[in-house]
Amino acid sequence: MRKRLKQLFLFILCLVLILQMFPHTNKKIPKSIQKEVKIALMHYPELRDIPITFKFKRNIKKSVMQAQPTFGALFKSKEERNYTILISEKFKITGEEFKTVDVPSDVLVGWLGHELGHIMDYQNRSGFNLIGFGFRYVFLKEYVKKAERAADSFAVSHGMSQYILKTKRFILDNSAIHPTYKDRIKQYYLSPDEIMEMVKQQDSADNG
């Protein structure tokens with residue numbers, strides 16, 4: 001019990017320190033989602049100096065959010081790139097539209113954490129590789145699966161497993177969400193069981 005309390009105290013202390021380190025001056029965040037974005041960003045200290053614009057869009061085909069480099073970023077060094085995370089203003093449940101900002105806060109954090117995972121993936125690629133990535137993502141289903149699972153993996157490895165799981169369960173356990181979207185999540189993304197297995201492996205490695 002004392003060990004758990006000590007770990008919790010250290011975790012809270014780290015969050016406070018990270019908050020102080022993150023002025024977010026290079027992040028453009030809509031006021032309505034500032035809390036959720038900042039929570040997600042705390043898990044990615046590597047992105048502290050990377051400009052990211054979070055922007056609402058009327059509709060995004062097949063997705064709730066979409067992370068992408070700006071066009072000019074393709075020709076810049078990794079340290080000078082900037083990115084945009086597009087967020088659909090609404091999504092449909094059984095034909096009825098709901099505002100994305102009205103979903104549970106932790107679910108929204110999970111969605112954002114996944115998109116930041118994409119940016120971590122992009123940061124590991126050269127500009128030429130990013131161009132090829134875009135073409136493969138559009139035309140190859142297997143590559144979509146690879147990219148989405150990589151983004152999930154980045155989020156889990158950055159301590160966001162609980163948020164990612166809540167997002168998955170919100171989608172998969174919600175009888176009102178259209179089966180087509182659920183099938184896409186099952187086909188291309190890590191399953192809750194795979195995420196839990198990753199967490200177990202990380203815990204084992206940390207304790208070993």
# chains A, B, ... in the order shown; residues from 1 in each chain; ligands from 1

$ select_by_dssp --residues "chain A" --states "strand (DSSP E or B)" --output "list in words"
Lys27, Lys28, Ile52, Thr53, Phe54, Lys55, Phe56, Lys57, Met65, Gln66, Ala67, Gln68, Pro69, Tyr83, Thr84, Ile85, Leu86, Ile87, Ser88, Lys90, Phe91, Lys92, Ile93, Glu96, Glu97, Phe98 and Lys99 of chain A

$ write_last_selection --atoms "N, CA, C and O atoms" --output "short mmCIF file (atom, residue, chain, number, x, y, z; two decimals), in the first residue's frame"
data_model
loop_
_atom_site.label_atom_id
_atom_site.label_comp_id
_atom_site.auth_asym_id
_atom_site.auth_seq_id
_atom_site.Cartn_x
_atom_site.Cartn_y
_atom_site.Cartn_z
N LYS A 27 1.51 25.60 -29.64
CA LYS A 27 0.33 24.76 -29.87
C LYS A 27 -0.90 25.65 -29.97
O LYS A 27 -1.15 26.50 -29.11
N LYS A 28 -1.68 25.49 -31.04
CA LYS A 28 -2.93 26.22 -31.20
C LYS A 28 -4.08 25.28 -30.86
O LYS A 28 -4.30 24.28 -31.56
N ILE A 52 2.02 22.34 -33.26
CA ILE A 52 0.85 21.53 -33.62
C ILE A 52 -0.40 22.41 -33.51
O ILE A 52 -0.63 23.05 -32.49
N THR A 53 -1.20 22.41 -34.56
CA THR A 53 -2.47 23.13 -34.56
C THR A 53 -3.62 22.13 -34.46
O THR A 53 -3.70 21.20 -35.26
N PHE A 54 -4.46 22.29 -33.46
CA PHE A 54 -5.65 21.46 -33.29
C PHE A 54 -6.83 22.25 -33.86
O PHE A 54 -7.11 23.37 -33.40
N LYS A 55 -7.49 21.68 -34.85
CA LYS A 55 -8.47 22.47 -35.61
C LYS A 55 -9.73 21.65 -35.87
O LYS A 55 -9.67 20.51 -36.31
N PHE A 56 -10.87 22.27 -35.59
CA PHE A 56 -12.14 21.61 -35.88
C PHE A 56 -12.47 21.70 -37.37
O PHE A 56 -12.19 22.70 -38.03
N LYS A 57 -13.05 20.62 -37.88
CA LYS A 57 -13.48 20.57 -39.28
C LYS A 57 -14.90 20.04 -39.31
O LYS A 57 -15.29 19.21 -38.48
N MET A 65 -10.87 12.00 -36.01
CA MET A 65 -9.72 12.91 -36.02
C MET A 65 -8.72 12.45 -37.07
O MET A 65 -8.72 11.29 -37.49
N GLN A 66 -7.84 13.38 -37.44
CA GLN A 66 -6.85 13.07 -38.47
C GLN A 66 -5.61 13.93 -38.26
O GLN A 66 -5.70 15.16 -38.26
N ALA A 67 -4.47 13.30 -38.04
CA ALA A 67 -3.20 14.02 -37.87
C ALA A 67 -2.45 14.03 -39.19
O ALA A 67 -2.34 13.00 -39.86
N GLN A 68 -1.92 15.19 -39.55
CA GLN A 68 -1.20 15.28 -40.81
C GLN A 68 -0.14 16.39 -40.75
O GLN A 68 -0.33 17.39 -40.06
N PRO A 69 0.98 16.18 -41.44
CA PRO A 69 1.97 17.25 -41.53
C PRO A 69 1.46 18.33 -42.48
O PRO A 69 0.72 18.04 -43.42
N TYR A 83 2.55 20.43 -37.60
CA TYR A 83 1.49 19.47 -37.89
C TYR A 83 0.12 20.06 -37.57
O TYR A 83 -0.01 21.02 -36.81
N THR A 84 -0.89 19.45 -38.16
CA THR A 84 -2.28 19.80 -37.87
C THR A 84 -3.03 18.54 -37.46
O THR A 84 -2.88 17.49 -38.09
N ILE A 85 -3.81 18.64 -36.40
CA ILE A 85 -4.73 17.56 -36.03
C ILE A 85 -6.14 18.08 -36.27
O ILE A 85 -6.60 19.00 -35.58
N LEU A 86 -6.79 17.53 -37.28
CA LEU A 86 -8.16 17.90 -37.61
C LEU A 86 -9.12 17.10 -36.74
O LEU A 86 -8.93 15.90 -36.53
N ILE A 87 -10.14 17.76 -36.24
CA ILE A 87 -11.11 17.13 -35.35
C ILE A 87 -12.50 17.36 -35.92
O ILE A 87 -12.91 18.51 -36.12
N SER A 88 -13.22 16.31 -36.20
CA SER A 88 -14.56 16.44 -36.74
C SER A 88 -15.47 17.11 -35.71
O SER A 88 -15.47 16.74 -34.53
N LYS A 90 -18.62 16.92 -35.56
CA LYS A 90 -19.72 16.02 -35.19
C LYS A 90 -19.43 14.61 -35.69
O LYS A 90 -18.62 14.39 -36.58
N PHE A 91 -20.08 13.64 -35.07
CA PHE A 91 -20.06 12.28 -35.60
C PHE A 91 -21.44 11.68 -35.40
O PHE A 91 -22.25 12.17 -34.60
N LYS A 92 -21.71 10.63 -36.13
CA LYS A 92 -23.06 10.07 -36.12
C LYS A 92 -23.15 8.80 -35.28
O LYS A 92 -22.26 7.96 -35.30
N ILE A 93 -24.22 8.71 -34.53
CA ILE A 93 -24.58 7.49 -33.81
C ILE A 93 -26.00 7.16 -34.21
O ILE A 93 -26.93 7.95 -33.96
N GLU A 96 -28.02 9.84 -35.97
CA GLU A 96 -28.15 11.14 -35.31
C GLU A 96 -26.77 11.73 -35.03
O GLU A 96 -25.87 11.03 -34.60
N GLU A 97 -26.62 13.03 -35.29
CA GLU A 97 -25.32 13.67 -35.11
C GLU A 97 -25.11 14.16 -33.68
O GLU A 97 -26.03 14.67 -33.04
N PHE A 98 -23.87 13.97 -33.19
CA PHE A 98 -23.49 14.43 -31.86
C PHE A 98 -22.21 15.23 -31.98
O PHE A 98 -21.37 14.97 -32.83
N LYS A 99 -22.06 16.22 -31.11
CA LYS A 99 -20.83 17.00 -31.09
C LYS A 99 -19.70 16.17 -30.48
O LYS A 99 -19.88 15.54 -29.44
#

$ closest_residue --among "A:Pro45, A:Pro30, A:Gly110, A:Gly159" --to "Gln202 (chain A)" --atoms "only C-alpha atoms"
A:Gly159

$ residues_around --residues "Asp183 (chain A)" --least-positions-apart "5" --cutoff "9 Å" --atoms "only C-alpha atoms" --output "PyMOL selection string"
chain A and resi 172+178+188

$ closest_residue --among "A:Ile119, A:Leu165, A:Leu140, A:Met42" --to "Ile195 (chain A)" --atoms "only C-alpha atoms"
A:Leu165

$ residues_around --residues "Phe154 (chain A)" --least-positions-apart "4" --cutoff "10 Å" --atoms "only C-alpha atoms" --output "short mmCIF file (atom, residue, chain, number, x, y, z; two decimals) with N, CA and C atoms, in the first residue's frame"
data_model
loop_
_atom_site.label_atom_id
_atom_site.label_comp_id
_atom_site.auth_asym_id
_atom_site.auth_seq_id
_atom_site.Cartn_x
_atom_site.Cartn_y
_atom_site.Cartn_z
N TYR A 44 3.58 13.18 -24.04
CA TYR A 44 4.51 13.22 -25.17
C TYR A 44 5.50 14.37 -25.03
N GLY A 113 -4.68 11.25 -27.95
CA GLY A 113 -3.44 10.52 -27.72
C GLY A 113 -3.07 9.65 -28.90
N HIS A 114 -4.07 9.06 -29.52
CA HIS A 114 -3.82 8.25 -30.72
C HIS A 114 -3.27 9.12 -31.85
N GLU A 115 -3.85 10.29 -32.05
CA GLU A 115 -3.38 11.17 -33.12
C GLU A 115 -1.97 11.69 -32.85
N LEU A 116 -1.66 11.96 -31.60
CA LEU A 116 -0.29 12.35 -31.26
C LEU A 116 0.67 11.19 -31.50
N GLY A 117 0.17 9.97 -31.37
CA GLY A 117 0.97 8.80 -31.71
C GLY A 117 1.34 8.80 -33.19
N HIS A 118 0.40 9.24 -34.04
CA HIS A 118 0.71 9.37 -35.46
C HIS A 118 1.84 10.37 -35.67
N ILE A 119 1.79 11.50 -34.95
CA ILE A 119 2.83 12.51 -35.12
C ILE A 119 4.18 11.97 -34.67
N MET A 120 4.21 11.17 -33.62
CA MET A 120 5.46 10.52 -33.21
C MET A 120 5.98 9.64 -34.33
N ASP A 121 5.09 8.93 -34.99
CA ASP A 121 5.46 8.08 -36.12
C ASP A 121 6.02 8.94 -37.25
N GLU A 148 -2.16 2.62 -38.20
CA GLU A 148 -3.06 2.84 -37.06
C GLU A 148 -2.60 2.06 -35.83
N ARG A 149 -2.11 0.87 -36.04
CA ARG A 149 -1.61 0.08 -34.91
C ARG A 149 -0.32 0.70 -34.35
N ALA A 150 0.47 1.30 -35.23
CA ALA A 150 1.68 1.97 -34.77
C ALA A 150 1.32 3.16 -33.89
N HIS A 158 3.54 5.42 -24.24
CA HIS A 158 3.68 6.71 -23.57
C HIS A 158 2.73 6.85 -22.38
N GLY A 159 2.27 5.73 -21.88
CA GLY A 159 1.48 5.73 -20.65
C GLY A 159 0.02 6.11 -20.83
N MET A 160 -0.50 5.97 -22.05
CA MET A 160 -1.88 6.36 -22.30
C MET A 160 -2.83 5.17 -22.45
N SER A 161 -2.43 4.02 -21.98
CA SER A 161 -3.23 2.81 -22.20
C SER A 161 -4.65 2.94 -21.66
#

$ residues_around --residues "region 169-171 of chain A" --least-positions-apart "2" --cutoff "10 Å" --atoms "only C-alpha atoms" --output "PyMOL selection string"
chain A and resi 103-104+107+163-167+173-179+181-182+185+191-192

$ select_by_dssp --residues "region 133-198 of chain A" --states "helix (DSSP H, G or I)" --output "NGL selection string"
:A and (133-139 or 141-157 or 161-172 or 179-188 or 192-198)

$ atom_distance --atom1 "CA of Ala147 (chain A)" --atom2 "CA of Lys186 (chain A)"
14.1 Å

$ closest_residue --among "A:Thr25, A:Gln123, A:Gln187, A:Gln162" --to "Glu142 (chain A)" --atoms "only C-alpha atoms"
A:Gln187

$ closest_residue --among "A:Pro51, A:Val64, A:Gln201, A:Lys78" --to "Asn124 (chain A)" --atoms "only C-alpha atoms"
A:Lys78

$ atom_distance --atom1 "CA of Glu79 (chain A)" --atom2 "CA of Leu47 (chain A)"
9.7 Å
